[in-house]
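Next up, final.cif (mmCIF, N, CA and C atoms and all ligand atoms):
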data_run
loop_
_atom_site.label_atom_id
_atom_site.label_comp_id
_atom_site.auth_asym_id
_atom_site.auth_seq_id
_atom_site.Cartn_x
_atom_site.Cartn_y
_atom_site.Cartn_z
N MET A 1 -19.88 -93.53 53.07
CA MET A 1 -19.34 -93.34 51.72
C MET A 1 -18.98 -91.88 51.47
N SER A 2 -19.75 -90.95 51.98
CA SER A 2 -19.45 -89.54 51.73
C SER A 2 -18.61 -88.93 52.86
N ASP A 3 -18.23 -89.74 53.86
CA ASP A 3 -17.54 -89.19 55.02
C ASP A 3 -16.19 -88.56 54.68
N SER A 4 -15.48 -89.11 53.71
CA SER A 4 -14.13 -88.65 53.43
C SER A 4 -14.11 -87.38 52.57
N VAL A 5 -15.24 -86.90 52.15
CA VAL A 5 -15.29 -85.76 51.24
C VAL A 5 -15.11 -84.43 51.97
N GLY A 6 -15.38 -84.44 53.28
CA GLY A 6 -15.46 -83.18 54.02
C GLY A 6 -14.20 -82.36 54.12
N GLU A 7 -13.03 -83.00 54.24
CA GLU A 7 -11.81 -82.25 54.58
C GLU A 7 -11.34 -81.30 53.48
N PHE A 8 -11.36 -81.75 52.27
CA PHE A 8 -10.72 -81.00 51.20
C PHE A 8 -11.35 -79.61 50.94
N PRO A 9 -12.66 -79.53 50.81
CA PRO A 9 -13.26 -78.20 50.58
C PRO A 9 -12.97 -77.23 51.71
N ARG A 10 -12.86 -77.74 52.94
CA ARG A 10 -12.59 -76.86 54.06
C ARG A 10 -11.19 -76.26 53.93
N MET A 11 -10.23 -77.05 53.52
CA MET A 11 -8.87 -76.53 53.34
C MET A 11 -8.83 -75.45 52.26
N VAL A 12 -9.50 -75.68 51.18
CA VAL A 12 -9.52 -74.71 50.08
C VAL A 12 -10.11 -73.39 50.57
N ALA A 13 -11.18 -73.48 51.34
CA ALA A 13 -11.85 -72.27 51.80
C ALA A 13 -10.93 -71.45 52.70
N SER A 14 -10.15 -72.09 53.56
CA SER A 14 -9.32 -71.34 54.48
C SER A 14 -8.16 -70.67 53.75
N VAL A 15 -7.61 -71.32 52.76
CA VAL A 15 -6.52 -70.72 51.98
C VAL A 15 -7.03 -69.49 51.24
N ARG A 16 -8.18 -69.64 50.63
CA ARG A 16 -8.75 -68.55 49.85
C ARG A 16 -9.06 -67.36 50.75
N GLY A 17 -9.58 -67.64 51.95
CA GLY A 17 -9.96 -66.56 52.86
C GLY A 17 -8.77 -65.76 53.33
N SER A 18 -7.65 -66.42 53.63
CA SER A 18 -6.52 -65.71 54.19
C SER A 18 -5.84 -64.84 53.15
N SER A 19 -5.89 -65.22 51.90
CA SER A 19 -5.16 -64.47 50.89
C SER A 19 -5.94 -63.27 50.36
N SER A 20 -7.24 -63.24 50.55
CA SER A 20 -8.03 -62.21 49.91
C SER A 20 -8.71 -61.25 50.89
N SER A 21 -8.57 -61.51 52.20
CA SER A 21 -9.38 -60.76 53.16
C SER A 21 -9.06 -59.27 53.14
N SER A 22 -7.80 -58.88 52.85
CA SER A 22 -7.45 -57.47 52.92
C SER A 22 -7.52 -56.81 51.55
N GLY A 23 -7.81 -57.56 50.50
CA GLY A 23 -7.76 -57.02 49.16
C GLY A 23 -9.10 -56.69 48.56
N LYS A 24 -10.10 -56.52 49.41
CA LYS A 24 -11.43 -56.25 48.87
C LYS A 24 -12.11 -55.12 49.63
N ALA A 25 -12.82 -54.31 48.86
CA ALA A 25 -13.68 -53.31 49.49
C ALA A 25 -15.03 -53.95 49.76
N ARG A 26 -15.69 -53.52 50.84
CA ARG A 26 -16.97 -54.10 51.21
C ARG A 26 -18.05 -53.02 51.17
N PHE A 27 -19.10 -53.30 50.42
CA PHE A 27 -20.18 -52.32 50.20
C PHE A 27 -21.43 -52.76 50.94
N PHE A 28 -21.95 -51.86 51.78
CA PHE A 28 -23.10 -52.17 52.63
C PHE A 28 -24.35 -51.42 52.16
N THR A 29 -25.50 -52.05 52.34
CA THR A 29 -26.75 -51.40 51.94
C THR A 29 -27.25 -50.41 52.99
N ASP A 30 -26.72 -50.49 54.21
CA ASP A 30 -27.13 -49.55 55.26
C ASP A 30 -25.93 -48.75 55.73
N SER A 31 -26.16 -47.57 56.31
CA SER A 31 -25.08 -46.78 56.87
C SER A 31 -24.53 -47.49 58.11
N GLY A 32 -23.31 -47.10 58.52
CA GLY A 32 -22.70 -47.70 59.70
C GLY A 32 -22.22 -49.12 59.46
N PHE A 33 -21.93 -49.47 58.21
CA PHE A 33 -21.44 -50.80 57.83
C PHE A 33 -22.42 -51.89 58.27
N LYS A 34 -23.68 -51.65 57.98
CA LYS A 34 -24.72 -52.62 58.35
C LYS A 34 -25.54 -53.00 57.12
N GLY A 35 -26.42 -53.96 57.32
CA GLY A 35 -27.26 -54.44 56.24
C GLY A 35 -26.56 -55.51 55.42
N SER A 36 -27.05 -55.74 54.23
CA SER A 36 -26.41 -56.69 53.33
C SER A 36 -25.13 -56.08 52.79
N PHE A 37 -24.18 -56.94 52.40
CA PHE A 37 -22.95 -56.39 51.82
C PHE A 37 -22.42 -57.31 50.74
N VAL A 38 -21.53 -56.73 49.93
CA VAL A 38 -20.84 -57.50 48.91
C VAL A 38 -19.37 -57.07 48.92
N ASP A 39 -18.46 -58.04 48.79
CA ASP A 39 -17.02 -57.76 48.73
C ASP A 39 -16.57 -57.72 47.28
N LEU A 40 -15.85 -56.64 46.91
CA LEU A 40 -15.37 -56.53 45.54
C LEU A 40 -13.86 -56.29 45.53
N SER A 41 -13.14 -57.10 44.77
CA SER A 41 -11.70 -56.90 44.61
C SER A 41 -11.46 -55.87 43.51
N VAL A 42 -10.19 -55.55 43.27
CA VAL A 42 -9.84 -54.56 42.26
C VAL A 42 -10.46 -54.94 40.91
N GLY A 43 -11.14 -53.98 40.31
CA GLY A 43 -11.78 -54.26 39.04
C GLY A 43 -12.83 -53.22 38.72
N GLU A 44 -13.46 -53.38 37.58
CA GLU A 44 -14.51 -52.47 37.14
C GLU A 44 -15.83 -53.23 37.07
N TYR A 45 -16.84 -52.64 37.68
CA TYR A 45 -18.14 -53.31 37.78
C TYR A 45 -19.22 -52.40 37.17
N PRO A 46 -19.59 -52.63 35.91
CA PRO A 46 -20.54 -51.76 35.22
C PRO A 46 -21.94 -51.80 35.80
N SER A 47 -22.21 -52.77 36.67
CA SER A 47 -23.43 -52.74 37.47
C SER A 47 -23.05 -53.29 38.84
N VAL A 48 -23.87 -53.01 39.85
CA VAL A 48 -23.56 -53.51 41.19
C VAL A 48 -23.80 -55.02 41.20
N PRO A 49 -22.73 -55.81 41.39
CA PRO A 49 -22.85 -57.27 41.24
C PRO A 49 -23.46 -57.92 42.47
N TYR A 50 -24.61 -57.44 42.81
CA TYR A 50 -25.29 -57.96 43.99
C TYR A 50 -26.78 -57.75 43.81
N GLU A 51 -27.56 -58.78 43.95
CA GLU A 51 -28.99 -58.66 43.71
C GLU A 51 -29.61 -57.67 44.68
N GLY A 52 -30.31 -56.68 44.17
CA GLY A 52 -30.89 -55.64 45.03
C GLY A 52 -29.89 -54.58 45.42
N GLY A 53 -28.64 -54.64 44.87
CA GLY A 53 -27.61 -53.69 45.27
C GLY A 53 -27.67 -52.36 44.54
N ASP A 54 -28.42 -52.30 43.44
CA ASP A 54 -28.51 -51.06 42.67
C ASP A 54 -29.22 -49.98 43.48
N ASP A 55 -28.63 -48.78 43.52
CA ASP A 55 -29.22 -47.65 44.26
C ASP A 55 -29.50 -47.99 45.72
N SER A 56 -28.64 -48.77 46.35
CA SER A 56 -28.89 -49.11 47.75
C SER A 56 -27.67 -48.97 48.66
N ILE A 57 -26.47 -48.78 48.08
CA ILE A 57 -25.26 -48.73 48.91
C ILE A 57 -25.23 -47.46 49.76
N SER A 58 -24.98 -47.65 51.06
CA SER A 58 -24.99 -46.52 51.99
C SER A 58 -23.68 -46.35 52.74
N SER A 59 -22.86 -47.40 52.84
CA SER A 59 -21.56 -47.26 53.49
C SER A 59 -20.58 -48.25 52.85
N VAL A 60 -19.28 -47.92 52.96
CA VAL A 60 -18.25 -48.71 52.29
C VAL A 60 -17.04 -48.84 53.19
N LYS A 61 -16.50 -50.06 53.28
CA LYS A 61 -15.21 -50.25 53.94
C LYS A 61 -14.14 -50.37 52.87
N VAL A 62 -13.14 -49.49 52.94
CA VAL A 62 -12.10 -49.42 51.92
C VAL A 62 -10.77 -49.83 52.55
N PRO A 63 -10.10 -50.86 52.03
CA PRO A 63 -8.79 -51.25 52.56
C PRO A 63 -7.76 -50.14 52.34
N LEU A 64 -6.72 -50.11 53.17
CA LEU A 64 -5.65 -49.13 53.02
C LEU A 64 -5.07 -49.18 51.62
N GLY A 65 -4.89 -48.01 51.01
CA GLY A 65 -4.27 -47.95 49.69
C GLY A 65 -5.23 -48.17 48.55
N PHE A 66 -6.50 -48.35 48.86
CA PHE A 66 -7.49 -48.57 47.81
C PHE A 66 -8.23 -47.28 47.48
N LYS A 67 -8.67 -47.19 46.24
CA LYS A 67 -9.49 -46.07 45.81
C LYS A 67 -10.75 -46.64 45.17
N VAL A 68 -11.88 -46.17 45.64
CA VAL A 68 -13.17 -46.65 45.14
C VAL A 68 -13.91 -45.49 44.49
N THR A 69 -14.37 -45.69 43.26
CA THR A 69 -15.18 -44.68 42.60
C THR A 69 -16.59 -45.24 42.41
N LEU A 70 -17.57 -44.49 42.92
CA LEU A 70 -18.98 -44.87 42.78
C LEU A 70 -19.60 -44.01 41.69
N TYR A 71 -20.42 -44.63 40.88
CA TYR A 71 -21.09 -43.89 39.79
C TYR A 71 -22.60 -43.95 39.95
N GLU A 72 -23.22 -42.84 39.55
CA GLU A 72 -24.67 -42.72 39.70
C GLU A 72 -25.43 -43.68 38.78
N HIS A 73 -24.88 -43.89 37.58
CA HIS A 73 -25.57 -44.73 36.61
C HIS A 73 -24.73 -45.96 36.25
N ALA A 74 -25.37 -46.94 35.60
CA ALA A 74 -24.65 -48.11 35.12
C ALA A 74 -23.62 -47.71 34.07
N ASP A 75 -22.62 -48.56 33.86
CA ASP A 75 -21.55 -48.31 32.88
C ASP A 75 -20.81 -47.01 33.16
N PHE A 76 -20.63 -46.68 34.45
CA PHE A 76 -19.81 -45.55 34.89
C PHE A 76 -20.32 -44.21 34.37
N GLY A 77 -21.64 -44.05 34.35
CA GLY A 77 -22.24 -42.81 33.89
C GLY A 77 -22.75 -41.96 35.04
N GLY A 78 -23.10 -40.72 34.69
CA GLY A 78 -23.67 -39.81 35.67
C GLY A 78 -22.63 -39.26 36.63
N ALA A 79 -23.07 -38.81 37.78
CA ALA A 79 -22.16 -38.25 38.78
C ALA A 79 -21.27 -39.36 39.34
N SER A 80 -20.09 -38.98 39.80
CA SER A 80 -19.21 -39.95 40.43
C SER A 80 -18.77 -39.44 41.79
N HIS A 81 -18.33 -40.36 42.62
CA HIS A 81 -17.99 -40.05 44.01
C HIS A 81 -16.79 -40.92 44.38
N VAL A 82 -15.65 -40.29 44.69
CA VAL A 82 -14.42 -41.03 44.98
C VAL A 82 -14.23 -41.13 46.49
N ILE A 83 -13.92 -42.31 46.97
CA ILE A 83 -13.57 -42.46 48.39
C ILE A 83 -12.29 -43.27 48.50
N THR A 84 -11.45 -42.88 49.45
CA THR A 84 -10.17 -43.58 49.65
C THR A 84 -10.03 -44.08 51.09
N ALA A 85 -11.09 -43.95 51.87
CA ALA A 85 -11.08 -44.47 53.24
C ALA A 85 -12.48 -44.96 53.56
N SER A 86 -12.59 -45.81 54.56
CA SER A 86 -13.89 -46.33 54.93
C SER A 86 -14.84 -45.20 55.26
N THR A 87 -16.06 -45.31 54.77
CA THR A 87 -17.03 -44.23 54.88
C THR A 87 -18.32 -44.78 55.48
N GLU A 88 -18.66 -44.27 56.67
CA GLU A 88 -19.79 -44.80 57.42
C GLU A 88 -21.13 -44.39 56.82
N MET A 89 -21.09 -43.25 56.12
CA MET A 89 -22.32 -42.72 55.52
C MET A 89 -21.94 -41.99 54.24
N LEU A 90 -22.45 -42.41 53.11
CA LEU A 90 -22.10 -41.78 51.84
C LEU A 90 -22.88 -40.48 51.70
N ASP A 91 -22.34 -39.44 52.31
CA ASP A 91 -23.01 -38.16 52.31
C ASP A 91 -23.18 -37.64 50.88
N GLY A 92 -24.40 -37.40 50.46
CA GLY A 92 -24.66 -36.90 49.12
C GLY A 92 -24.70 -37.98 48.05
N PHE A 93 -24.32 -39.21 48.42
CA PHE A 93 -24.34 -40.28 47.42
C PHE A 93 -25.04 -41.52 47.96
N ASP A 94 -25.83 -41.31 48.99
CA ASP A 94 -26.55 -42.43 49.61
C ASP A 94 -27.59 -43.01 48.65
N ASN A 95 -27.61 -44.31 48.51
CA ASN A 95 -28.61 -45.01 47.67
C ASN A 95 -28.59 -44.53 46.22
N LYS A 96 -27.41 -44.21 45.72
CA LYS A 96 -27.32 -43.73 44.33
C LYS A 96 -26.46 -44.62 43.45
N THR A 97 -25.59 -45.42 44.04
CA THR A 97 -24.57 -46.13 43.27
C THR A 97 -25.16 -47.19 42.34
N SER A 98 -24.77 -47.11 41.06
CA SER A 98 -25.22 -48.11 40.09
C SER A 98 -24.07 -48.81 39.39
N SER A 99 -22.85 -48.26 39.51
CA SER A 99 -21.68 -48.97 39.00
C SER A 99 -20.47 -48.55 39.84
N ILE A 100 -19.41 -49.36 39.81
CA ILE A 100 -18.31 -49.20 40.76
C ILE A 100 -16.98 -49.52 40.09
N LYS A 101 -15.96 -48.71 40.42
CA LYS A 101 -14.58 -49.09 40.09
C LYS A 101 -13.80 -49.22 41.40
N VAL A 102 -13.04 -50.30 41.53
CA VAL A 102 -12.18 -50.50 42.68
C VAL A 102 -10.74 -50.54 42.17
N GLU A 103 -9.90 -49.63 42.69
CA GLU A 103 -8.50 -49.57 42.27
C GLU A 103 -7.58 -49.65 43.47
N SER A 104 -6.41 -50.19 43.27
CA SER A 104 -5.38 -50.18 44.29
C SER A 104 -4.42 -49.05 43.96
N ARG A 105 -4.31 -48.05 44.85
CA ARG A 105 -3.50 -46.88 44.54
C ARG A 105 -2.03 -47.23 44.46
N SER A 106 -1.62 -48.32 45.11
CA SER A 106 -0.20 -48.68 45.08
C SER A 106 0.23 -49.04 43.66
N ILE A 107 -0.68 -49.54 42.85
CA ILE A 107 -0.37 -49.84 41.46
C ILE A 107 -0.09 -48.55 40.69
N PHE A 108 -0.88 -47.53 40.96
CA PHE A 108 -0.78 -46.30 40.18
C PHE A 108 0.32 -45.37 40.68
N SER A 109 0.84 -45.63 41.86
CA SER A 109 1.88 -44.74 42.39
C SER A 109 3.26 -45.12 41.84
N ARG A 110 3.36 -46.23 41.17
CA ARG A 110 4.66 -46.62 40.60
C ARG A 110 4.91 -45.92 39.27
CA CA B 1 -29.19 -47.92 51.61
#
In structure tokens, how does this file's structure come out?
Ligand SMILES: [Ca+2]
Amino acid sequence: MSDSVGEFPRMVASVRGSSSSSGKARFFTDSGFKGSFVDLSVGEYPSVPYEGGDDSISSVKVPLGFKVTLYEHADFGGASHVITASTEMLDGFDNKTSSIKVESRSIFSR
């Protein structure tokens, strides 16, 4: 009875994966792109949308043309740290991030 249910969700997942894989920055809890991670698309995140992610981000993969701003406190407060390329070790900002903005620079260059 449940045999015919399997195909449809799989198709949806593959479509979604192919369209969004390059449009997200990935935030890791360990340096060297290791540990737990969360993918965030363009947007503003007043807190790190990942359980245990507050004050734990140590490295970030940034897609080409993206700009990521990390903030020391929630709601974009405190010190900030801008990165525009993948960063293996957040020198000076390790385990500090409490809120995040992800922007696509191609939008702002027009
Ligand atoms: Ca960490």
Query raised in the report: Any idea what's packed within 5 Å of Pro46 of chain A, counting all atoms listed in the file, ignoring anything in its chain fewer than 6 positions away? Could you give it as JSON, numbers by chain?
Result: {"A": [74, 75, 99]}
Query raised in the report: Within 6.5 Å of ligand CA 1 (chain B), counting all atoms listed in the file, which protein or nucleic acid residues do you find, written as a count of residues only?
Result: 11
Report summary line: Using all atoms listed in the file, the shortest atom-to-atom distance to Thr69 of chain A among A:Lys24, A:Lys101, A:Lys34, A:Lys96 belongs to A:Lys101
Query raised in the report: So, counting all atoms listed in the file, which residue among A:Gly32, A:Asp39, A:Gly23, A:Ser104 is closest to Lys67 of chain A?
Result: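 Of the candidates, the smallest distance to Lys67 of chain A is held by A:Ser104.
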Query raised in the report: Hey, which of A:Ala85, A:Gly52, A:Gly92, A:Ser36 ends up closest to Phe66 of chain A? Count all atoms listed in the file.
Result: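 The shortest atom-to-atom distance to Phe66 of chain A comes from A:Ala85.
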Query raised in the report: Excluding same-chain residues fewer than 3 positions from Ser47 of chain A, what lies within 10 Å of it counting only C-alpha atoms, as an MDAnalysis selection string?
Result: chainID A and resid 44 50 53:54 71 73:76 97:101
Report task. Name the closest residue to Gly43 of chain A among the candidates A:Gly77, A:Phe93, A:Ala25, A:Thr84; distances are taken between atoms, counting only C-alpha atoms. Result -> A:Ala25
Report task. Have a look at atom CA of Phe37 of chain A and atom CA of Gly78 of chain A and let me know their distance in Å, one decimal. Result -> 23.2 Å
For the structure just given, write the atoms of segment 43-62 of chain A, namely N, CA and C atoms, as a short mmCIF file (atom, residue, chain, number, x, y, z; two decimals), in the first residue's frame.
data_model
loop_
_atom_site.label_atom_id
_atom_site.label_comp_id
_atom_site.auth_asym_id
_atom_site.auth_seq_id
_atom_site.Cartn_x
_atom_site.Cartn_y
_atom_site.Cartn_z
N GLY A 43 20.18 36.46 3.11
CA GLY A 43 19.20 36.89 4.08
C GLY A 43 19.86 37.39 5.34
N GLU A 44 19.04 37.80 6.29
CA GLU A 44 19.53 38.31 7.57
C GLU A 44 19.08 37.37 8.68
N TYR A 45 20.03 36.99 9.51
CA TYR A 45 19.76 36.01 10.56
C TYR A 45 20.13 36.61 11.92
N PRO A 46 19.16 37.15 12.65
CA PRO A 46 19.44 37.84 13.92
C PRO A 46 19.96 36.91 15.01
N SER A 47 19.86 35.60 14.79
CA SER A 47 20.56 34.65 15.64
C SER A 47 21.03 33.53 14.74
N VAL A 48 22.01 32.75 15.20
CA VAL A 48 22.51 31.66 14.37
C VAL A 48 21.44 30.56 14.32
N PRO A 49 20.87 30.31 13.13
CA PRO A 49 19.72 29.40 13.04
C PRO A 49 20.14 27.94 13.08
N TYR A 50 20.84 27.61 14.11
CA TYR A 50 21.33 26.24 14.24
C TYR A 50 21.54 25.96 15.71
N GLU A 51 20.97 24.90 16.21
CA GLU A 51 21.05 24.62 17.64
C GLU A 51 22.50 24.40 18.05
N GLY A 52 22.96 25.14 19.04
CA GLY A 52 24.36 25.04 19.46
C GLY A 52 25.29 25.86 18.59
N GLY A 53 24.74 26.63 17.61
CA GLY A 53 25.58 27.38 16.68
C GLY A 53 26.07 28.71 17.22
N ASP A 54 25.46 29.20 18.30
CA ASP A 54 25.86 30.49 18.85
C ASP A 54 27.27 30.41 19.42
N ASP A 55 28.11 31.39 19.07
CA ASP A 55 29.50 31.44 19.55
C ASP A 55 30.27 30.15 19.26
N SER A 56 30.01 29.54 18.11
CA SER A 56 30.74 28.30 17.81
C SER A 56 31.32 28.24 16.40
N ILE A 57 30.94 29.19 15.52
CA ILE A 57 31.39 29.12 14.13
C ILE A 57 32.89 29.41 14.03
N SER A 58 33.59 28.52 13.32
CA SER A 58 35.05 28.66 13.20
C SER A 58 35.53 28.76 11.76
N SER A 59 34.74 28.30 10.79
CA SER A 59 35.13 28.44 9.39
C SER A 59 33.87 28.56 8.54
N VAL A 60 34.04 29.18 7.36
CA VAL A 60 32.89 29.48 6.50
C VAL A 60 33.27 29.25 5.05
N LYS A 61 32.37 28.58 4.31
CA LYS A 61 32.54 28.49 2.86
C LYS A 61 31.61 29.51 2.22
N VAL A 62 32.19 30.41 1.42
CA VAL A 62 31.43 31.51 0.82
C VAL A 62 31.41 31.31 -0.70
#
